[in-house]
>>> print(open('entry_0.cif').read())   # mmCIF, N, CA and C atoms
data_model
loop_
_atom_site.group_PDB
_atom_site.id
_atom_site.type_symbol
_atom_site.label_atom_id
_atom_site.label_comp_id
_atom_site.auth_asym_id
_atom_site.auth_seq_id
_atom_site.Cartn_x
_atom_site.Cartn_y
_atom_site.Cartn_z
ATOM 1 N N MET Q 1 85.256 -61.893 -97.301
ATOM 2 C CA MET Q 1 84.030 -61.286 -96.834
ATOM 3 C C MET Q 1 84.260 -60.542 -95.517
ATOM 4 N N LEU Q 2 85.064 -61.127 -94.644
ATOM 5 C CA LEU Q 2 85.304 -60.487 -93.355
ATOM 6 C C LEU Q 2 85.996 -59.148 -93.540
ATOM 7 N N ILE Q 3 87.011 -59.110 -94.388
ATOM 8 C CA ILE Q 3 87.731 -57.855 -94.630
ATOM 9 C C ILE Q 3 86.808 -56.830 -95.266
ATOM 10 N N ALA Q 4 85.966 -57.262 -96.203
ATOM 11 C CA ALA Q 4 85.016 -56.348 -96.838
ATOM 12 C C ALA Q 4 84.065 -55.754 -95.804
ATOM 13 N N ALA Q 5 83.576 -56.582 -94.885
ATOM 14 C CA ALA Q 5 82.661 -56.098 -93.849
ATOM 15 C C ALA Q 5 83.338 -55.087 -92.927
ATOM 16 N N ILE Q 6 84.600 -55.316 -92.638
ATOM 17 C CA ILE Q 6 85.334 -54.398 -91.769
ATOM 18 C C ILE Q 6 85.587 -53.064 -92.475
ATOM 19 N N LEU Q 7 85.790 -53.108 -93.788
ATOM 20 C CA LEU Q 7 86.108 -51.896 -94.543
ATOM 21 C C LEU Q 7 84.883 -51.092 -94.974
ATOM 22 N N VAL Q 8 83.676 -51.554 -94.665
ATOM 23 C CA VAL Q 8 82.463 -50.828 -95.054
ATOM 24 C C VAL Q 8 82.456 -49.391 -94.522
ATOM 25 N N PRO Q 9 82.813 -49.135 -93.240
ATOM 26 C CA PRO Q 9 82.827 -47.733 -92.781
ATOM 27 C C PRO Q 9 83.780 -46.840 -93.586
ATOM 28 N N VAL Q 10 84.884 -47.388 -94.040
ATOM 29 C CA VAL Q 10 85.820 -46.613 -94.865
ATOM 30 C C VAL Q 10 85.166 -46.286 -96.201
ATOM 31 N N ALA Q 11 84.508 -47.274 -96.800
ATOM 32 C CA ALA Q 11 83.852 -47.072 -98.097
ATOM 33 C C ALA Q 11 82.702 -46.089 -98.000
ATOM 34 N N LYS Q 12 82.006 -46.058 -96.871
ATOM 35 C CA LYS Q 12 80.871 -45.155 -96.691
ATOM 36 C C LYS Q 12 81.303 -43.754 -96.279
ATOM 37 N N GLY Q 13 82.589 -43.547 -96.091
ATOM 38 C CA GLY Q 13 83.083 -42.228 -95.706
ATOM 39 C C GLY Q 13 82.913 -41.920 -94.235
ATOM 40 N N LYS Q 14 82.689 -42.918 -93.413
ATOM 41 C CA LYS Q 14 82.522 -42.711 -91.973
ATOM 42 C C LYS Q 14 83.849 -42.825 -91.221
ATOM 43 N N PHE Q 15 84.922 -42.817 -91.950
ATOM 44 C CA PHE Q 15 86.250 -42.963 -91.373
ATOM 45 C C PHE Q 15 86.865 -41.573 -91.251
ATOM 46 N N ASP Q 16 87.282 -41.203 -90.065
ATOM 47 C CA ASP Q 16 87.835 -39.875 -89.823
ATOM 48 C C ASP Q 16 89.365 -39.944 -89.864
ATOM 49 N N TYR Q 17 89.938 -39.353 -90.900
ATOM 50 C CA TYR Q 17 91.394 -39.406 -91.073
ATOM 51 C C TYR Q 17 92.140 -38.584 -90.023
ATOM 52 N N HIS Q 18 91.449 -37.660 -89.350
ATOM 53 C CA HIS Q 18 92.106 -36.843 -88.317
ATOM 54 C C HIS Q 18 92.475 -37.668 -87.086
ATOM 55 N N HIS Q 19 91.740 -38.749 -86.856
ATOM 56 C CA HIS Q 19 92.004 -39.596 -85.696
ATOM 57 C C HIS Q 19 92.985 -40.722 -85.993
ATOM 58 N N LEU Q 20 93.427 -40.811 -87.237
ATOM 59 C CA LEU Q 20 94.324 -41.887 -87.630
ATOM 60 C C LEU Q 20 95.639 -41.856 -86.852
ATOM 61 N N GLY Q 21 96.214 -40.689 -86.691
ATOM 62 C CA GLY Q 21 97.459 -40.569 -85.929
ATOM 63 C C GLY Q 21 97.282 -40.983 -84.489
ATOM 64 N N GLY Q 22 96.136 -40.654 -83.906
ATOM 65 C CA GLY Q 22 95.855 -41.032 -82.528
ATOM 66 C C GLY Q 22 95.738 -42.531 -82.338
ATOM 67 N N VAL Q 23 95.234 -43.206 -83.355
ATOM 68 C CA VAL Q 23 95.090 -44.660 -83.264
ATOM 69 C C VAL Q 23 96.454 -45.317 -83.143
ATOM 70 N N PHE Q 24 97.411 -44.856 -83.922
ATOM 71 C CA PHE Q 24 98.732 -45.488 -83.920
ATOM 72 C C PHE Q 24 99.642 -44.972 -82.813
ATOM 73 N N SER Q 25 99.174 -44.004 -82.045
ATOM 74 C CA SER Q 25 99.965 -43.563 -80.903
ATOM 75 C C SER Q 25 99.369 -44.062 -79.588
ATOM 76 N N SER Q 26 98.231 -44.749 -79.653
ATOM 77 C CA SER Q 26 97.638 -45.305 -78.435
ATOM 78 C C SER Q 26 98.167 -46.724 -78.214
ATOM 79 N N GLY Q 27 98.133 -47.144 -76.974
ATOM 80 C CA GLY Q 27 98.584 -48.493 -76.650
ATOM 81 C C GLY Q 27 97.764 -49.557 -77.364
ATOM 82 N N LEU Q 28 96.452 -49.353 -77.417
ATOM 83 C CA LEU Q 28 95.578 -50.311 -78.076
ATOM 84 C C LEU Q 28 95.850 -50.364 -79.581
ATOM 85 N N GLY Q 29 96.090 -49.208 -80.178
ATOM 86 C CA GLY Q 29 96.394 -49.166 -81.607
ATOM 87 C C GLY Q 29 97.710 -49.849 -81.936
ATOM 88 N N ILE Q 30 98.706 -49.631 -81.099
ATOM 89 C CA ILE Q 30 100.016 -50.265 -81.318
ATOM 90 C C ILE Q 30 99.911 -51.775 -81.133
ATOM 91 N N MET Q 31 99.159 -52.210 -80.104
ATOM 92 C CA MET Q 31 98.968 -53.649 -79.910
ATOM 93 C C MET Q 31 98.213 -54.260 -81.080
ATOM 94 N N ALA Q 32 97.211 -53.552 -81.590
ATOM 95 C CA ALA Q 32 96.456 -54.053 -82.745
ATOM 96 C C ALA Q 32 97.370 -54.214 -83.952
ATOM 97 N N LEU Q 33 98.241 -53.245 -84.171
ATOM 98 C CA LEU Q 33 99.183 -53.318 -85.285
ATOM 99 C C LEU Q 33 100.136 -54.498 -85.127
ATOM 100 N N LEU Q 34 100.685 -54.669 -83.941
ATOM 101 C CA LEU Q 34 101.613 -55.777 -83.696
ATOM 102 C C LEU Q 34 100.927 -57.139 -83.793
ATOM 103 N N LEU Q 35 99.727 -57.250 -83.228
ATOM 104 C CA LEU Q 35 99.011 -58.524 -83.304
ATOM 105 C C LEU Q 35 98.569 -58.835 -84.722
ATOM 106 N N SER Q 36 98.205 -57.818 -85.476
ATOM 107 C CA SER Q 36 97.856 -58.018 -86.879
ATOM 108 C C SER Q 36 99.063 -58.532 -87.650
ATOM 109 N N PHE Q 37 100.219 -57.961 -87.381
ATOM 110 C CA PHE Q 37 101.458 -58.426 -87.997
ATOM 111 C C PHE Q 37 101.712 -59.882 -87.639
ATOM 112 N N LEU Q 38 101.564 -60.218 -86.350
ATOM 113 C CA LEU Q 38 101.822 -61.579 -85.880
ATOM 114 C C LEU Q 38 100.849 -62.580 -86.493
ATOM 115 N N THR Q 39 99.558 -62.263 -86.513
ATOM 116 C CA THR Q 39 98.585 -63.215 -87.046
ATOM 117 C C THR Q 39 98.738 -63.394 -88.552
ATOM 118 N N THR Q 40 99.106 -62.340 -89.249
ATOM 119 C CA THR Q 40 99.344 -62.481 -90.690
ATOM 120 C C THR Q 40 100.566 -63.349 -90.939
ATOM 121 N N TYR Q 41 101.599 -63.162 -90.141
ATOM 122 C CA TYR Q 41 102.792 -64.004 -90.232
ATOM 123 C C TYR Q 41 102.435 -65.460 -89.943
ATOM 124 N N LEU Q 42 101.639 -65.685 -88.880
ATOM 125 C CA LEU Q 42 101.243 -67.043 -88.525
ATOM 126 C C LEU Q 42 100.392 -67.682 -89.619
ATOM 127 N N SER Q 43 99.557 -66.900 -90.272
ATOM 128 C CA SER Q 43 98.761 -67.434 -91.384
ATOM 129 C C SER Q 43 99.671 -67.935 -92.499
ATOM 130 N N GLY Q 44 100.729 -67.186 -92.785
ATOM 131 C CA GLY Q 44 101.696 -67.614 -93.796
ATOM 132 C C GLY Q 44 102.408 -68.892 -93.390
ATOM 133 N N LEU Q 45 102.797 -68.963 -92.111
ATOM 134 C CA LEU Q 45 103.418 -70.196 -91.614
ATOM 135 C C LEU Q 45 102.453 -71.371 -91.725
ATOM 136 N N GLY Q 46 101.199 -71.116 -91.377
ATOM 137 C CA GLY Q 46 100.194 -72.175 -91.423
ATOM 138 C C GLY Q 46 99.946 -72.676 -92.827
ATOM 139 N N LEU Q 47 99.863 -71.760 -93.782
ATOM 140 C CA LEU Q 47 99.656 -72.158 -95.172
ATOM 141 C C LEU Q 47 100.831 -72.997 -95.666
ATOM 142 N N ASN Q 48 102.033 -72.574 -95.326
ATOM 143 C CA ASN Q 48 103.237 -73.334 -95.689
ATOM 144 C C ASN Q 48 103.213 -74.712 -95.036
ATOM 145 N N PHE Q 49 102.846 -74.767 -93.767
ATOM 146 C CA PHE Q 49 102.801 -76.027 -93.020
ATOM 147 C C PHE Q 49 101.805 -77.001 -93.646
ATOM 148 N N LEU Q 50 100.642 -76.472 -94.052
ATOM 149 C CA LEU Q 50 99.601 -77.340 -94.609
ATOM 150 C C LEU Q 50 99.891 -77.764 -96.046
ATOM 151 N N THR Q 51 100.514 -76.905 -96.831
ATOM 152 C CA THR Q 51 100.683 -77.194 -98.260
ATOM 153 C C THR Q 51 102.097 -77.659 -98.591
ATOM 154 N N VAL Q 52 103.074 -76.815 -98.404
ATOM 155 C CA VAL Q 52 104.446 -77.137 -98.796
ATOM 156 C C VAL Q 52 104.999 -78.283 -97.962
ATOM 157 N N GLN Q 53 104.783 -78.224 -96.668
ATOM 158 C CA GLN Q 53 105.288 -79.278 -95.786
ATOM 159 C C GLN Q 53 104.350 -80.486 -95.746
ATOM 160 N N GLN Q 54 103.251 -80.410 -96.445
ATOM 161 C CA GLN Q 54 102.312 -81.512 -96.644
ATOM 162 C C GLN Q 54 101.761 -82.109 -95.350
ATOM 163 N N HIS Q 55 101.282 -81.243 -94.459
ATOM 164 C CA HIS Q 55 100.622 -81.699 -93.236
ATOM 165 C C HIS Q 55 99.112 -81.465 -93.337
ATOM 166 N N SER Q 56 98.568 -81.613 -94.532
ATOM 167 C CA SER Q 56 97.146 -81.347 -94.723
ATOM 168 C C SER Q 56 96.256 -82.349 -93.996
ATOM 169 N N ASP Q 57 96.834 -83.451 -93.537
ATOM 170 C CA ASP Q 57 96.057 -84.451 -92.813
ATOM 171 C C ASP Q 57 95.508 -83.922 -91.490
ATOM 172 N N ILE Q 58 96.072 -82.856 -90.947
ATOM 173 C CA ILE Q 58 95.585 -82.305 -89.684
ATOM 174 C C ILE Q 58 94.433 -81.325 -89.885
ATOM 175 N N MET Q 59 94.078 -81.027 -91.152
ATOM 176 C CA MET Q 59 93.031 -80.049 -91.418
ATOM 177 C C MET Q 59 91.713 -80.441 -90.762
ATOM 178 N N LEU Q 60 91.373 -81.723 -90.740
ATOM 179 C CA LEU Q 60 90.131 -82.163 -90.102
ATOM 180 C C LEU Q 60 90.111 -81.779 -88.625
ATOM 181 N N ALA Q 61 91.224 -81.962 -87.933
ATOM 182 C CA ALA Q 61 91.298 -81.591 -86.516
ATOM 183 C C ALA Q 61 91.165 -80.079 -86.345
ATOM 184 N N LEU Q 62 91.779 -79.302 -87.237
ATOM 185 C CA LEU Q 62 91.668 -77.845 -87.164
ATOM 186 C C LEU Q 62 90.222 -77.388 -87.358
ATOM 187 N N ILE Q 63 89.554 -77.966 -88.332
ATOM 188 C CA ILE Q 63 88.173 -77.590 -88.619
ATOM 189 C C ILE Q 63 87.250 -78.033 -87.482
ATOM 190 N N LEU Q 64 87.441 -79.245 -86.986
ATOM 191 C CA LEU Q 64 86.619 -79.732 -85.884
ATOM 192 C C LEU Q 64 86.777 -78.846 -84.645
ATOM 193 N N GLY Q 65 87.996 -78.464 -84.334
ATOM 194 C CA GLY Q 65 88.231 -77.568 -83.202
ATOM 195 C C GLY Q 65 87.533 -76.227 -83.384
ATOM 196 N N ALA Q 66 87.572 -75.691 -84.599
ATOM 197 C CA ALA Q 66 86.914 -74.412 -84.879
ATOM 198 C C ALA Q 66 85.399 -74.542 -84.764
ATOM 199 N N VAL Q 67 84.840 -75.635 -85.276
ATOM 200 C CA VAL Q 67 83.390 -75.852 -85.210
ATOM 201 C C VAL Q 67 82.939 -76.022 -83.755
ATOM 202 N N LEU Q 68 83.691 -76.794 -82.986
ATOM 203 C CA LEU Q 68 83.339 -76.988 -81.575
ATOM 204 C C LEU Q 68 83.416 -75.674 -80.793
ATOM 205 N N ALA Q 69 84.434 -74.884 -81.053
ATOM 206 C CA ALA Q 69 84.554 -73.591 -80.367
ATOM 207 C C ALA Q 69 83.410 -72.662 -80.763
ATOM 208 N N ALA Q 70 83.013 -72.699 -82.040
ATOM 209 C CA ALA Q 70 81.897 -71.866 -82.491
ATOM 210 C C ALA Q 70 80.587 -72.341 -81.861
ATOM 211 N N ALA Q 71 80.396 -73.645 -81.791
ATOM 212 C CA ALA Q 71 79.146 -74.195 -81.275
ATOM 213 C C ALA Q 71 78.993 -74.027 -79.767
ATOM 214 N N PHE Q 72 80.057 -74.245 -79.020
ATOM 215 C CA PHE Q 72 79.937 -74.291 -77.569
ATOM 216 C C PHE Q 72 80.516 -73.085 -76.828
ATOM 217 N N MET Q 73 81.326 -72.286 -77.510
ATOM 218 C CA MET Q 73 81.968 -71.173 -76.817
ATOM 219 C C MET Q 73 81.680 -69.825 -77.479
ATOM 220 N N GLY Q 74 80.841 -69.830 -78.503
ATOM 221 C CA GLY Q 74 80.482 -68.572 -79.157
ATOM 222 C C GLY Q 74 81.588 -68.001 -80.018
ATOM 223 N N GLY Q 75 82.534 -68.827 -80.413
ATOM 224 C CA GLY Q 75 83.640 -68.357 -81.235
ATOM 225 C C GLY Q 75 83.228 -68.169 -82.685
ATOM 226 N N VAL Q 76 84.082 -67.541 -83.441
ATOM 227 C CA VAL Q 76 83.883 -67.343 -84.873
ATOM 228 C C VAL Q 76 85.035 -68.038 -85.584
ATOM 229 N N PRO Q 77 84.755 -69.078 -86.379
ATOM 230 C CA PRO Q 77 85.827 -69.894 -86.966
ATOM 231 C C PRO Q 77 86.496 -69.240 -88.169
ATOM 232 N N VAL Q 78 87.363 -68.274 -87.912
ATOM 233 C CA VAL Q 78 88.088 -67.618 -89.004
ATOM 234 C C VAL Q 78 89.580 -67.895 -88.955
ATOM 235 N N GLY Q 79 90.042 -68.750 -88.043
ATOM 236 C CA GLY Q 79 91.470 -68.866 -87.853
ATOM 237 C C GLY Q 79 92.155 -70.188 -88.078
ATOM 238 N N PRO Q 80 91.644 -71.101 -88.931
ATOM 239 C CA PRO Q 80 92.404 -72.349 -89.113
ATOM 240 C C PRO Q 80 93.821 -72.135 -89.647
ATOM 241 N N LEU Q 81 94.037 -71.153 -90.488
ATOM 242 C CA LEU Q 81 95.404 -70.899 -90.960
ATOM 243 C C LEU Q 81 96.288 -70.390 -89.831
ATOM 244 N N ILE Q 82 95.738 -69.526 -88.989
ATOM 245 C CA ILE Q 82 96.517 -69.024 -87.859
ATOM 246 C C ILE Q 82 96.787 -70.166 -86.884
ATOM 247 N N THR Q 83 95.774 -71.006 -86.672
ATOM 248 C CA THR Q 83 95.963 -72.162 -85.797
ATOM 249 C C THR Q 83 97.058 -73.074 -86.330
ATOM 250 N N SER Q 84 97.034 -73.328 -87.632
ATOM 251 C CA SER Q 84 98.084 -74.190 -88.188
ATOM 252 C C SER Q 84 99.439 -73.494 -88.136
ATOM 253 N N GLY Q 85 99.458 -72.178 -88.204
ATOM 254 C CA GLY Q 85 100.709 -71.436 -88.032
ATOM 255 C C GLY Q 85 101.263 -71.585 -86.628
ATOM 256 N N LEU Q 86 100.377 -71.502 -85.630
ATOM 257 C CA LEU Q 86 100.806 -71.746 -84.251
ATOM 258 C C LEU Q 86 101.318 -73.171 -84.093
ATOM 259 N N LEU Q 87 100.604 -74.110 -84.706
ATOM 260 C CA LEU Q 87 101.033 -75.506 -84.660
ATOM 261 C C LEU Q 87 102.401 -75.675 -85.316
ATOM 262 N N ALA Q 88 102.611 -75.011 -86.455
ATOM 263 C CA ALA Q 88 103.909 -75.088 -87.136
ATOM 264 C C ALA Q 88 105.017 -74.529 -86.255
ATOM 265 N N LEU Q 89 104.728 -73.415 -85.578
ATOM 266 C CA LEU Q 89 105.712 -72.800 -84.690
ATOM 267 C C LEU Q 89 106.038 -73.718 -83.518
ATOM 268 N N ILE Q 90 105.015 -74.296 -82.919
ATOM 269 C CA ILE Q 90 105.219 -75.225 -81.805
ATOM 270 C C ILE Q 90 105.969 -76.465 -82.281
ATOM 271 N N ALA Q 91 105.583 -77.006 -83.425
ATOM 272 C CA ALA Q 91 106.239 -78.199 -83.967
ATOM 273 C C ALA Q 91 107.708 -77.926 -84.252
ATOM 274 N N LYS Q 92 107.993 -76.718 -84.712
ATOM 275 C CA LYS Q 92 109.367 -76.349 -85.034
ATOM 276 C C LYS Q 92 110.270 -76.414 -83.808
ATOM 277 N N PHE Q 93 109.741 -76.030 -82.650
ATOM 278 C CA PHE Q 93 110.548 -75.979 -81.445
ATOM 279 C C PHE Q 93 110.491 -77.231 -80.574
ATOM 280 N N PHE Q 94 109.373 -77.951 -80.632
ATOM 281 C CA PHE Q 94 109.193 -79.049 -79.685
ATOM 282 C C PHE Q 94 109.125 -80.436 -80.322
ATOM 283 N N ILE Q 95 108.850 -80.523 -81.608
ATOM 284 C CA ILE Q 95 108.711 -81.834 -82.239
ATOM 285 C C ILE Q 95 109.841 -81.996 -83.258
ATOM 286 N N LYS Q 96 110.706 -82.913 -82.993
ATOM 287 C CA LYS Q 96 111.830 -83.178 -83.892
ATOM 288 C C LYS Q 96 111.397 -84.217 -84.914
ATOM 289 N N SER Q 97 111.398 -83.839 -86.206
ATOM 290 C CA SER Q 97 110.993 -84.811 -87.233
ATOM 291 C C SER Q 97 112.078 -85.044 -88.249
#
>>> encode(input="entry_0.cif", output="structure tokens")
Amino acid sequence: MLIAAILVPVAKGKFDYHHLGGVFSSGLGIMALLLSFLTTYLSGLGLNFLTVQQHSDIMLALILGAVLAAAFMGGVPVGPLITSGLLALIAKFFIKS
């Protein structure tokens, strides 16, 4: 649903293809591209961590953290997979199992 909502301007024809090159040559556009790459990678790590590596027991903590951030800090809980990816990355370097 989130991706669909973001793509609505493209579907409505409100997207200007002439400015596309400018987006990828600006600092903000390049950072957006790199961060998008990183978060997608982290989502993959998180999914692997939760399913293949069988750490699904931490899902309650991930969800509770997202709910608390949404309730008290105005956050939007769309990142449990990214959070678990960060956790997998941290666990890989700091927790020897």
>>> atom_distance(input="entry_0.cif", atom1="atom C of Ala61 in chain Q", atom2="atom C of Gly79 in chain Q")
10.1 Å
>>> residues_around(input="entry_0.cif", residues="range 52-60 of chain Q", least_positions_apart="4", cutoff="9 Å", atoms="only C-alpha atoms", output="MDAnalysis selection string")
chainID Q and resid 47:48 64:65 80 84
>>> resolve_selection(input="entry_0.cif", expression="the PyMOL selection byres ((chain Q and resi 38-43) around 6.5)", output="ChimeraX atom specification")
/Q:33-37,44-48,81-86
>>> axis_aligned_box(input="entry_0.cif", around="range 35-40 of chain Q", padding_each_side="3 Å", output="JSON")
{"center_x": 99.8, "center_y": -60.3, "center_z": -87.1, "size_x": 10.0, "size_y": 12.1, "size_z": 13.7}
>>> atom_distance(input="entry_0.cif", atom1="CA of Ala88 in chain Q", atom2="CA of Leu50 in chain Q")
8.9 Å
